[in-house]
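Below you'll find the structure, written out as C-alpha cells, and then a few comments.
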Amino acid sequence: MNLQRYVLKTMATRILVAALVLIGIMQILDLLDVTNDIIDRGLGFGGMIRYASLRMPRLIEQAAPLSVLAGAIFAFMKLAGDSEIVAMRASGLSAYRLLRMVAPAALAVMVIDFAAVELVAPRTDAALQTWWRSTAPPAEAVKAQTKSFRIGGDVVIATTTDVTGKTLTDVKIYRRDPQGRLIERIEAPSAVHQVDHWRLNDPHFVRFENGEPRSGEATQMEWASRFRPTDAQALFFGDQDISAGAARRALDGGSAERPPSFYATRIQRAIAGPFGVLVMLALALPVALASFRASQGAVFVSLSLASGLLFLVFDGVFTAMGESGAIAPFLGAWSAAAIFGSLAAAAIVRLEG
C-alpha cells in the first residue's frame with residue numbers, strides 16, 4: 001500500500017466512524033422525542049424504522065461538518081502519535097501535500113452532503129410530513145391553514161387541509177401589472193394541481209380594463225403557475241427546510257412569503273453549506289503538525305475543536321443576517337467559511353514556514 005492510499009484510508013475510516021457515531025446519537029435523541037407518538041398511533045417498530053429512514057438526510061446534513069472535524073482530528077492524532085507524520089516530514093512531505101492527500105475524503109463527504117440536502121431531503125421531508133400528519137389521531141387532525149403569499153407580482157390567499165399540497169380551497173388570486181396595479185381578481189372554491197398547472201373549479205373573476213370592471217365565471221379555469229405541491233406543503237405546514245430549487249422558483253415567480261434576501265441566501269447556502277466540510281478539514285490540519293512529545297498535541301486538538309465549533313456558530317449567525325437582509329446574501333452564506341478558511345490557511349502557513 002503506497003503512502004497516498006494509507007493516509008487517505010486512515011482519514012476516511014475515522015471520518016466514517018465519526019459520522020456513524022454522530023448520526024447514531026442524533027437518531028436516538030430524535031427517536032426519543034417521537035417514540036411515544038409512534039406507539040400511540042399504533043405504528044410499531046416499522047413506524048420507528050420508517051421515521052428514522054425519512055429523517056436520515058437531515059441528520060446527514062447536521063453531522064457532515066462535525067464528522068469531518070472529529071474524524072480528521074483523530075486521524076491526525078493517530079498519525080502524529082505514532083510518529084508517522086515525523087517520518088513523512090523527514091522525507092520531504094509538506095503540510096500542503098498532506099492536505100491534498102486527505103482532501104478526497106472530505107470531498108466525498110461534501111458530495112454526499114449536497115446530495116442529501118438538495119436531492120434527497122426535499123422528497124423525504126415531503127413524504128415524512130404527509131405520513132406523519134395522515135397518521136395523527138383525531139385529536140391532532142390537521143386544521144385548516146390559511147396563508148397569503150406572492151407568486152411573482154400576484155398576491156394569493158388560499159386555505160388547505162391537504163398535507164400533500166395538491167388541493168387548495170377558498171382561493172383568491174389578485175393579479176397585478178408591473179406597476180403594481182390590480183388588473184384581475186379571481187375567486188374559486190377549490191383548486192387542484194394537475195401535471196403542469198392548477199385547475200380552478202367554478203371560478204368567478206373580475207377584470208379591470210380602463211378602470212371598468214368586467215365580471216365573469218366559468219366551470220373550470222387553468223391557472224398556470226410555478227407554485228408546486230411541495231411549495232404548498234412547506235408554505236402551509238412549515239415543517240420543511242426550503243431547498244435551493246424551491247428558493248430559485250420563489251425568486252423566478254414561484255410562491256414567496258419571505259423577503260427575496262431569504263431565498264437568495266438559501267441558493268448560496270446550497271454550495272456554501274457543503275463547502276464548510278473543507279473548512280473543517282483545514283481547521284484540523286494543524287493537529288498533524290503539532291509536536292505531541294512537546295505537549296503541543298492537547299493544545300492543538302483543543303484549538304482545532306474550538307475553532308470548528310465557533311465556525312458553526314458564526315456560520316449560523318451570518319446566514320441569519322443574510323436571510324433577514326441585514327447583509328448581502330453572498331456575504332451571509334460565505335463570510336464564515338472565508339473567515340475561518342483564511343484563519344486555517346494562515347495557521348498552516350505559519351506552522352509550515
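Going by the C-alpha cells order, chains are called A, B, ..., each with residues numbered from 1, while ligands are numbered from 1 in the order shown.
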Write down as a PyMOL selection string the residues of segment 111-310 of chain A whose backbone DSSP state falls under strand (DSSP E or B). chain A and resi 145-151+154-160+167-176+182-193+198-201+204-209+212-217+220-223+255-256
Using only C-alpha atoms, I'd like a table of the residues in segment 126-235 of chain A that come within 12 Å of segment 258-268 of chain A; for each, show the closest atom pair and its distance in Å rounded to one decimal, ordered by chain and ascending number, as JSON lines.
{"residue": "A:Ser148", "atom": "CA", "partner": "A:Arg258", "partner_atom": "CA", "distance": 11.0}
{"residue": "A:Phe149", "atom": "CA", "partner": "A:Arg258", "partner_atom": "CA", "distance": 8.6}
{"residue": "A:Arg150", "atom": "CA", "partner": "A:Arg258", "partner_atom": "CA", "distance": 9.0}
{"residue": "A:Ile151", "atom": "CA", "partner": "A:Arg258", "partner_atom": "CA", "distance": 11.5}
{"residue": "A:Gly152", "atom": "CA", "partner": "A:Pro260", "partner_atom": "CA", "distance": 11.2}
{"residue": "A:Leu235", "atom": "CA", "partner": "A:Arg258", "partner_atom": "CA", "distance": 10.2}
Within 12 Å of segment 113-118 of chain A, counting only C-alpha atoms, which residues qualify if same-chain residues fewer than 6 places away don't, as an NGL selection string? :A and (19 or 54-68 or 106-107 or 124-125 or 240-247 or 266-267 or 269-278)
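Atom CA of Leu8 of chain A is positioned 6.9 Å from atom CA of Ala105 of chain A.
The space between atom CA of Phe45 of chain A and atom CA of Asp162 of chain A spans 26.7 Å.
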Among segment 162-351 of chain A, which ones does DSSP place in helix (DSSP H, G or I), written as a ChimeraX atom specification? /A:229-237,244-251,260-289,292-294,296-324,329-351
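Separating atom CA of Leu79 of chain A from atom CA of Phe340 of chain A is a distance of 24.2 Å.
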Counting only C-alpha atoms, the option among A:Pro286, A:Gly24, A:Pro213, A:Gly81 closest to Leu305 of chain A: A:Pro286
Just want the 9 Å neighbourhood of segment 214-229 of chain A, counted on only C-alpha atoms, with same-chain residues fewer than 4 positions away dropped. Output as a JSON list (two decimals) with all heavy atoms, in the first residue's frame.
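Printed below is out_28.json as written:
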[["chain", "number", "residue", "atom", "x", "y", "z"],
["A", 151, "ILE", "N", -46.84, 35.20, -5.75],
["A", 151, "ILE", "CA", -46.35, 34.39, -6.87],
["A", 151, "ILE", "C", -46.00, 35.36, -7.98],
["A", 151, "ILE", "O", -46.87, 35.85, -8.69],
["A", 151, "ILE", "CB", -47.38, 33.36, -7.34],
["A", 151, "ILE", "CG1", -47.73, 32.40, -6.21],
["A", 151, "ILE", "CG2", -46.87, 32.61, -8.55],
["A", 151, "ILE", "CD1", -48.74, 31.34, -6.60],
["A", 164, "THR", "N", -50.69, 16.79, 1.35],
["A", 164, "THR", "CA", -49.91, 16.57, 0.14],
["A", 164, "THR", "C", -49.69, 17.85, -0.65],
["A", 164, "THR", "O", -48.86, 17.89, -1.56],
["A", 164, "THR", "CB", -50.60, 15.53, -0.77],
["A", 164, "THR", "OG1", -51.83, 16.08, -1.28],
["A", 164, "THR", "CG2", -50.89, 14.24, -0.01],
["A", 165, "GLY", "N", -50.45, 18.90, -0.34],
["A", 165, "GLY", "CA", -50.30, 20.17, -1.02],
["A", 165, "GLY", "C", -50.91, 20.21, -2.41],
["A", 165, "GLY", "O", -50.69, 21.16, -3.15],
["A", 166, "LYS", "N", -51.72, 19.22, -2.77],
["A", 166, "LYS", "CA", -52.27, 19.15, -4.13],
["A", 166, "LYS", "C", -53.65, 19.79, -4.26],
["A", 166, "LYS", "O", -54.16, 19.91, -5.37],
["A", 166, "LYS", "CB", -52.33, 17.69, -4.59],
["A", 166, "LYS", "CG", -50.96, 17.03, -4.71],
["A", 166, "LYS", "CD", -51.08, 15.59, -5.19],
["A", 166, "LYS", "CE", -49.70, 14.95, -5.33],
["A", 166, "LYS", "NZ", -49.79, 13.54, -5.79],
["A", 167, "THR", "N", -54.26, 20.16, -3.14],
["A", 167, "THR", "CA", -55.59, 20.74, -3.18],
["A", 167, "THR", "C", -55.65, 21.99, -2.32],
["A", 167, "THR", "O", -55.17, 21.99, -1.18],
["A", 167, "THR", "CB", -56.64, 19.73, -2.67],
["A", 167, "THR", "OG1", -56.55, 18.53, -3.44],
["A", 167, "THR", "CG2", -58.05, 20.31, -2.79],
["A", 191, "ALA", "N", -59.03, 24.48, -5.84],
["A", 191, "ALA", "CA", -58.02, 24.36, -6.90],
["A", 191, "ALA", "C", -57.30, 23.04, -6.71],
["A", 191, "ALA", "O", -56.95, 22.67, -5.59],
["A", 191, "ALA", "CB", -57.04, 25.52, -6.86],
["A", 193, "HIS", "N", -54.11, 20.55, -8.22],
["A", 193, "HIS", "CA", -52.90, 20.56, -9.04],
["A", 193, "HIS", "C", -52.94, 19.46, -10.08],
["A", 193, "HIS", "O", -53.23, 18.31, -9.79],
["A", 193, "HIS", "CB", -51.66, 20.39, -8.15],
["A", 193, "HIS", "CG", -50.38, 20.58, -8.91],
["A", 193, "HIS", "ND1", -49.64, 19.52, -9.40],
["A", 193, "HIS", "CD2", -49.71, 21.71, -9.28],
["A", 193, "HIS", "CE1", -48.58, 19.99, -10.01],
["A", 193, "HIS", "NE2", -48.59, 21.30, -9.96],
["A", 196, "ASP", "N", -48.91, 20.22, -14.90],
["A", 196, "ASP", "CA", -48.09, 21.43, -15.03],
["A", 196, "ASP", "C", -48.87, 22.70, -14.73],
["A", 196, "ASP", "O", -48.44, 23.80, -15.09],
["A", 196, "ASP", "CB", -47.49, 21.51, -16.43],
["A", 196, "ASP", "CG", -48.57, 21.46, -17.52],
["A", 196, "ASP", "OD1", -49.76, 21.29, -17.18],
["A", 196, "ASP", "OD2", -48.22, 21.59, -18.70],
["A", 197, "HIS", "N", -50.03, 22.58, -14.09],
["A", 197, "HIS", "CA", -50.82, 23.76, -13.76],
["A", 197, "HIS", "C", -51.83, 23.41, -12.66],
["A", 197, "HIS", "O", -51.94, 22.25, -12.25],
["A", 197, "HIS", "CB", -51.56, 24.28, -15.01],
["A", 197, "HIS", "CG", -52.61, 23.34, -15.52],
["A", 197, "HIS", "ND1", -52.30, 22.29, -16.36],
["A", 197, "HIS", "CD2", -53.96, 23.26, -15.30],
["A", 197, "HIS", "CE1", -53.41, 21.61, -16.66],
["A", 197, "HIS", "NE2", -54.42, 22.18, -16.01],
["A", 198, "TRP", "N", -52.55, 24.43, -12.21],
["A", 198, "TRP", "CA", -53.63, 24.22, -11.25],
["A", 198, "TRP", "C", -54.97, 24.39, -11.97],
["A", 198, "TRP", "O", -55.11, 25.26, -12.82],
["A", 198, "TRP", "CB", -53.54, 25.24, -10.11],
["A", 198, "TRP", "CG", -52.37, 25.03, -9.21],
["A", 198, "TRP", "CD1", -51.09, 25.44, -9.41],
["A", 198, "TRP", "CD2", -52.38, 24.35, -7.95],
["A", 198, "TRP", "NE1", -50.29, 25.07, -8.37],
["A", 198, "TRP", "CE2", -51.05, 24.41, -7.44],
["A", 198, "TRP", "CE3", -53.36, 23.72, -7.19],
["A", 198, "TRP", "CZ2", -50.70, 23.84, -6.22],
["A", 198, "TRP", "CZ3", -53.01, 23.16, -5.97],
["A", 198, "TRP", "CH2", -51.69, 23.22, -5.50],
["A", 199, "ARG", "N", -55.93, 23.55, -11.61],
["A", 199, "ARG", "CA", -57.28, 23.67, -12.17],
["A", 199, "ARG", "C", -58.18, 24.35, -11.15],
["A", 199, "ARG", "O", -58.42, 23.83, -10.06],
["A", 199, "ARG", "CB", -57.84, 22.29, -12.51],
["A", 199, "ARG", "CG", -59.18, 22.36, -13.28],
["A", 199, "ARG", "CD", -59.80, 21.00, -13.47],
["A", 199, "ARG", "NE", -60.29, 20.45, -12.22],
["A", 199, "ARG", "CZ", -59.94, 19.27, -11.72],
["A", 199, "ARG", "NH1", -59.05, 18.53, -12.35],
["A", 199, "ARG", "NH2", -60.46, 18.84, -10.57],
["A", 200, "LEU", "N", -58.67, 25.54, -11.51],
["A", 200, "LEU", "CA", -59.60, 26.26, -10.65],
["A", 200, "LEU", "C", -61.01, 25.81, -10.96],
["A", 200, "LEU", "O", -61.44, 25.83, -12.13],
["A", 200, "LEU", "CB", -59.47, 27.77, -10.88],
["A", 200, "LEU", "CG", -58.09, 28.39, -10.62],
["A", 200, "LEU", "CD1", -58.09, 29.87, -11.00],
["A", 200, "LEU", "CD2", -57.67, 28.20, -9.17],
["A", 201, "ASN", "N", -61.75, 25.38, -9.96],
["A", 201, "ASN", "CA", -63.10, 24.88, -10.14],
["A", 201, "ASN", "C", -64.12, 25.98, -9.83],
["A", 201, "ASN", "O", -64.04, 26.65, -8.80],
["A", 201, "ASN", "CB", -63.36, 23.68, -9.23],
["A", 201, "ASN", "CG", -62.43, 22.52, -9.54],
["A", 201, "ASN", "OD1", -62.21, 22.20, -10.72],
["A", 201, "ASN", "ND2", -61.87, 21.89, -8.52],
["A", 202, "ASP", "N", -65.08, 26.16, -10.74],
["A", 202, "ASP", "CA", -66.16, 27.16, -10.60],
["A", 202, "ASP", "C", -65.62, 28.54, -10.26],
["A", 202, "ASP", "O", -66.06, 29.17, -9.28],
["A", 202, "ASP", "CB", -67.16, 26.71, -9.53],
["A", 202, "ASP", "CG", -67.80, 25.37, -9.86],
["A", 202, "ASP", "OD1", -68.12, 25.15, -11.05],
["A", 202, "ASP", "OD2", -67.97, 24.55, -8.93],
["A", 203, "PRO", "N", -64.63, 29.03, -11.01],
["A", 203, "PRO", "CA", -64.06, 30.34, -10.67],
["A", 203, "PRO", "C", -64.97, 31.49, -11.05],
["A", 203, "PRO", "O", -65.75, 31.42, -12.01],
["A", 203, "PRO", "CB", -62.78, 30.36, -11.50],
["A", 203, "PRO", "CG", -63.12, 29.55, -12.71],
["A", 203, "PRO", "CD", -64.03, 28.45, -12.22],
["A", 204, "HIS", "N", -64.88, 32.54, -10.29],
["A", 204, "HIS", "CA", -65.54, 33.81, -10.59],
["A", 204, "HIS", "C", -64.44, 34.86, -10.69],
["A", 204, "HIS", "O", -63.57, 34.94, -9.82],
["A", 204, "HIS", "CB", -66.53, 34.20, -9.48],
["A", 204, "HIS", "CG", -67.14, 35.55, -9.68],
["A", 204, "HIS", "ND1", -68.19, 35.78, -10.56],
["A", 204, "HIS", "CD2", -66.83, 36.76, -9.14],
["A", 204, "HIS", "CE1", -68.51, 37.06, -10.54],
["A", 204, "HIS", "NE2", -67.70, 37.68, -9.68],
["A", 205, "PHE", "N", -64.45, 35.64, -11.76],
["A", 205, "PHE", "CA", -63.35, 36.59, -11.96],
["A", 205, "PHE", "C", -63.89, 37.97, -12.31],
["A", 205, "PHE", "O", -65.00, 38.12, -12.85],
["A", 205, "PHE", "CB", -62.40, 36.11, -13.07],
["A", 205, "PHE", "CG", -63.07, 35.83, -14.38],
["A", 205, "PHE", "CD1", -63.25, 36.83, -15.33],
["A", 205, "PHE", "CD2", -63.54, 34.55, -14.68],
["A", 205, "PHE", "CE1", -63.86, 36.57, -16.55],
["A", 205, "PHE", "CE2", -64.16, 34.28, -15.90],
["A", 205, "PHE", "CZ", -64.33, 35.29, -16.83],
["A", 206, "VAL", "N", -63.09, 38.97, -11.97],
["A", 206, "VAL", "CA", -63.38, 40.36, -12.31],
["A", 206, "VAL", "C", -62.12, 40.95, -12.92],
["A", 206, "VAL", "O", -61.06, 40.95, -12.28],
["A", 206, "VAL", "CB", -63.79, 41.17, -11.06],
["A", 206, "VAL", "CG1", -64.03, 42.63, -11.45],
["A", 206, "VAL", "CG2", -65.02, 40.58, -10.40],
["A", 207, "ARG", "N", -62.22, 41.42, -14.15],
["A", 207, "ARG", "CA", -61.10, 42.05, -14.83],
["A", 207, "ARG", "C", -61.31, 43.55, -14.88],
["A", 207, "ARG", "O", -62.43, 44.02, -15.12],
["A", 207, "ARG", "CB", -60.94, 41.50, -16.25],
["A", 207, "ARG", "CG", -60.53, 40.04, -16.31],
["A", 207, "ARG", "CD", -60.14, 39.63, -17.71],
["A", 207, "ARG", "NE", -59.67, 38.25, -17.76],
["A", 207, "ARG", "CZ", -60.43, 37.21, -18.12],
["A", 207, "ARG", "NH1", -61.70, 37.42, -18.48],
["A", 207, "ARG", "NH2", -59.94, 35.99, -18.12],
["A", 208, "PHE", "N", -60.23, 44.29, -14.68],
["A", 208, "PHE", "CA", -60.31, 45.75, -14.68],
["A", 208, "PHE", "C", -59.62, 46.25, -15.94],
["A", 208, "PHE", "O", -58.40, 46.16, -16.08],
["A", 208, "PHE", "CB", -59.64, 46.32, -13.43],
["A", 208, "PHE", "CG", -60.29, 45.87, -12.15],
["A", 208, "PHE", "CD1", -59.87, 44.72, -11.50],
["A", 208, "PHE", "CD2", -61.35, 46.60, -11.62],
["A", 208, "PHE", "CE1", -60.48, 44.31, -10.33],
["A", 208, "PHE", "CE2", -61.96, 46.19, -10.45],
["A", 208, "PHE", "CZ", -61.54, 45.04, -9.80],
["A", 209, "GLU", "N", -60.42, 46.77, -16.87],
["A", 209, "GLU", "CA", -59.91, 47.28, -18.13],
["A", 209, "GLU", "C", -60.32, 48.74, -18.26],
["A", 209, "GLU", "O", -61.50, 49.06, -18.26],
["A", 209, "GLU", "CB", -60.46, 46.46, -19.31],
["A", 209, "GLU", "CG", -60.07, 44.99, -19.26],
["A", 209, "GLU", "CD", -60.70, 44.20, -20.40],
["A", 209, "GLU", "OE1", -61.46, 44.82, -21.18],
["A", 209, "GLU", "OE2", -60.42, 42.99, -20.49],
["A", 233, "GLN", "N", -46.79, 22.49, 0.64],
["A", 233, "GLN", "CA", -46.50, 21.81, 1.90],
["A", 233, "GLN", "C", -45.63, 22.66, 2.80],
["A", 233, "GLN", "O", -45.90, 22.83, 3.99],
["A", 233, "GLN", "CB", -45.82, 20.47, 1.62],
["A", 233, "GLN", "CG", -46.73, 19.40, 1.07],
["A", 233, "GLN", "CD", -45.99, 18.10, 0.85],
["A", 233, "GLN", "OE1", -44.92, 18.08, 0.24],
["A", 233, "GLN", "NE2", -46.53, 17.00, 1.32],
["A", 234, "ALA", "N", -44.55, 23.18, 2.23],
["A", 234, "ALA", "CA", -43.63, 24.00, 3.02],
["A", 234, "ALA", "C", -44.28, 25.29, 3.48],
["A", 234, "ALA", "O", -44.05, 25.76, 4.59],
["A", 234, "ALA", "CB", -42.38, 24.30, 2.20],
["A", 249, "ARG", "N", -37.22, 28.92, -7.52],
["A", 249, "ARG", "CA", -38.56, 29.11, -8.07],
["A", 249, "ARG", "C", -39.25, 30.31, -7.44],
["A", 249, "ARG", "O", -39.98, 31.04, -8.11],
["A", 249, "ARG", "CB", -39.40, 27.85, -7.85],
["A", 249, "ARG", "CG", -38.98, 26.65, -8.69],
["A", 249, "ARG", "CD", -40.08, 25.61, -8.76],
["A", 249, "ARG", "NE", -40.44, 25.13, -7.43],
["A", 249, "ARG", "CZ", -39.81, 24.13, -6.79],
["A", 249, "ARG", "NH1", -38.78, 23.55, -7.37],
["A", 249, "ARG", "NH2", -40.22, 23.74, -5.61],
["A", 250, "ALA", "N", -39.02, 30.51, -6.15],
["A", 250, "ALA", "CA", -39.63, 31.66, -5.48],
["A", 250, "ALA", "C", -39.14, 32.97, -6.06],
["A", 250, "ALA", "O", -39.92, 33.92, -6.24],
["A", 250, "ALA", "CB", -39.33, 31.60, -3.98],
["A", 252, "ASP", "N", -38.00, 33.32, -9.11],
["A", 252, "ASP", "CA", -38.36, 33.37, -10.53],
["A", 252, "ASP", "C", -39.86, 33.45, -10.76],
["A", 252, "ASP", "O", -40.33, 33.22, -11.87],
["A", 252, "ASP", "CB", -37.81, 32.13, -11.25],
["A", 252, "ASP", "CG", -36.29, 32.15, -11.35],
["A", 252, "ASP", "OD1", -35.71, 33.24, -11.17],
["A", 252, "ASP", "OD2", -35.70, 31.08, -11.58],
["A", 253, "GLY", "N", -40.62, 33.73, -9.70],
["A", 253, "GLY", "CA", -42.06, 33.86, -9.87],
["A", 253, "GLY", "C", -42.87, 32.82, -9.16],
["A", 253, "GLY", "O", -44.09, 32.76, -9.32],
["A", 254, "GLY", "N", -42.22, 31.97, -8.37],
["A", 254, "GLY", "CA", -42.95, 30.98, -7.58],
["A", 254, "GLY", "C", -43.50, 31.60, -6.31],
["A", 254, "GLY", "O", -43.48, 32.81, -6.12],
["A", 255, "SER", "N", -44.00, 30.77, -5.41],
["A", 255, "SER", "CA", -44.60, 31.28, -4.17],
["A", 255, "SER", "C", -43.53, 31.82, -3.24],
["A", 255, "SER", "O", -42.43, 31.28, -3.15],
["A", 255, "SER", "CB", -45.37, 30.16, -3.47],
["A", 255, "SER", "OG", -44.49, 29.13, -3.05]]
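Distances from A:Ala126, A:Val34, A:Met77, A:Val163 to Ser304 of chain A were compared using only C-alpha atoms, and the smallest one belongs to A:Met77.
For the choices A:Ile327, A:Ala337, A:Leu281, A:Leu3, the atom-to-atom distance to Ile85 of chain A is smallest for A:Leu3 when using only C-alpha atoms.
Here the question is which of A:Val120, A:Ala326, A:Ile73, A:Ala136 gets nearest to Ala298 of chain A using only C-alpha atoms, and that residue is A:Ile73.
When only C-alpha atoms are used to measure the gap to Tyr6 of chain A, the shortest distance among A:Met26, A:Val102, A:Val86, A:Val287 belongs to A:Val102.
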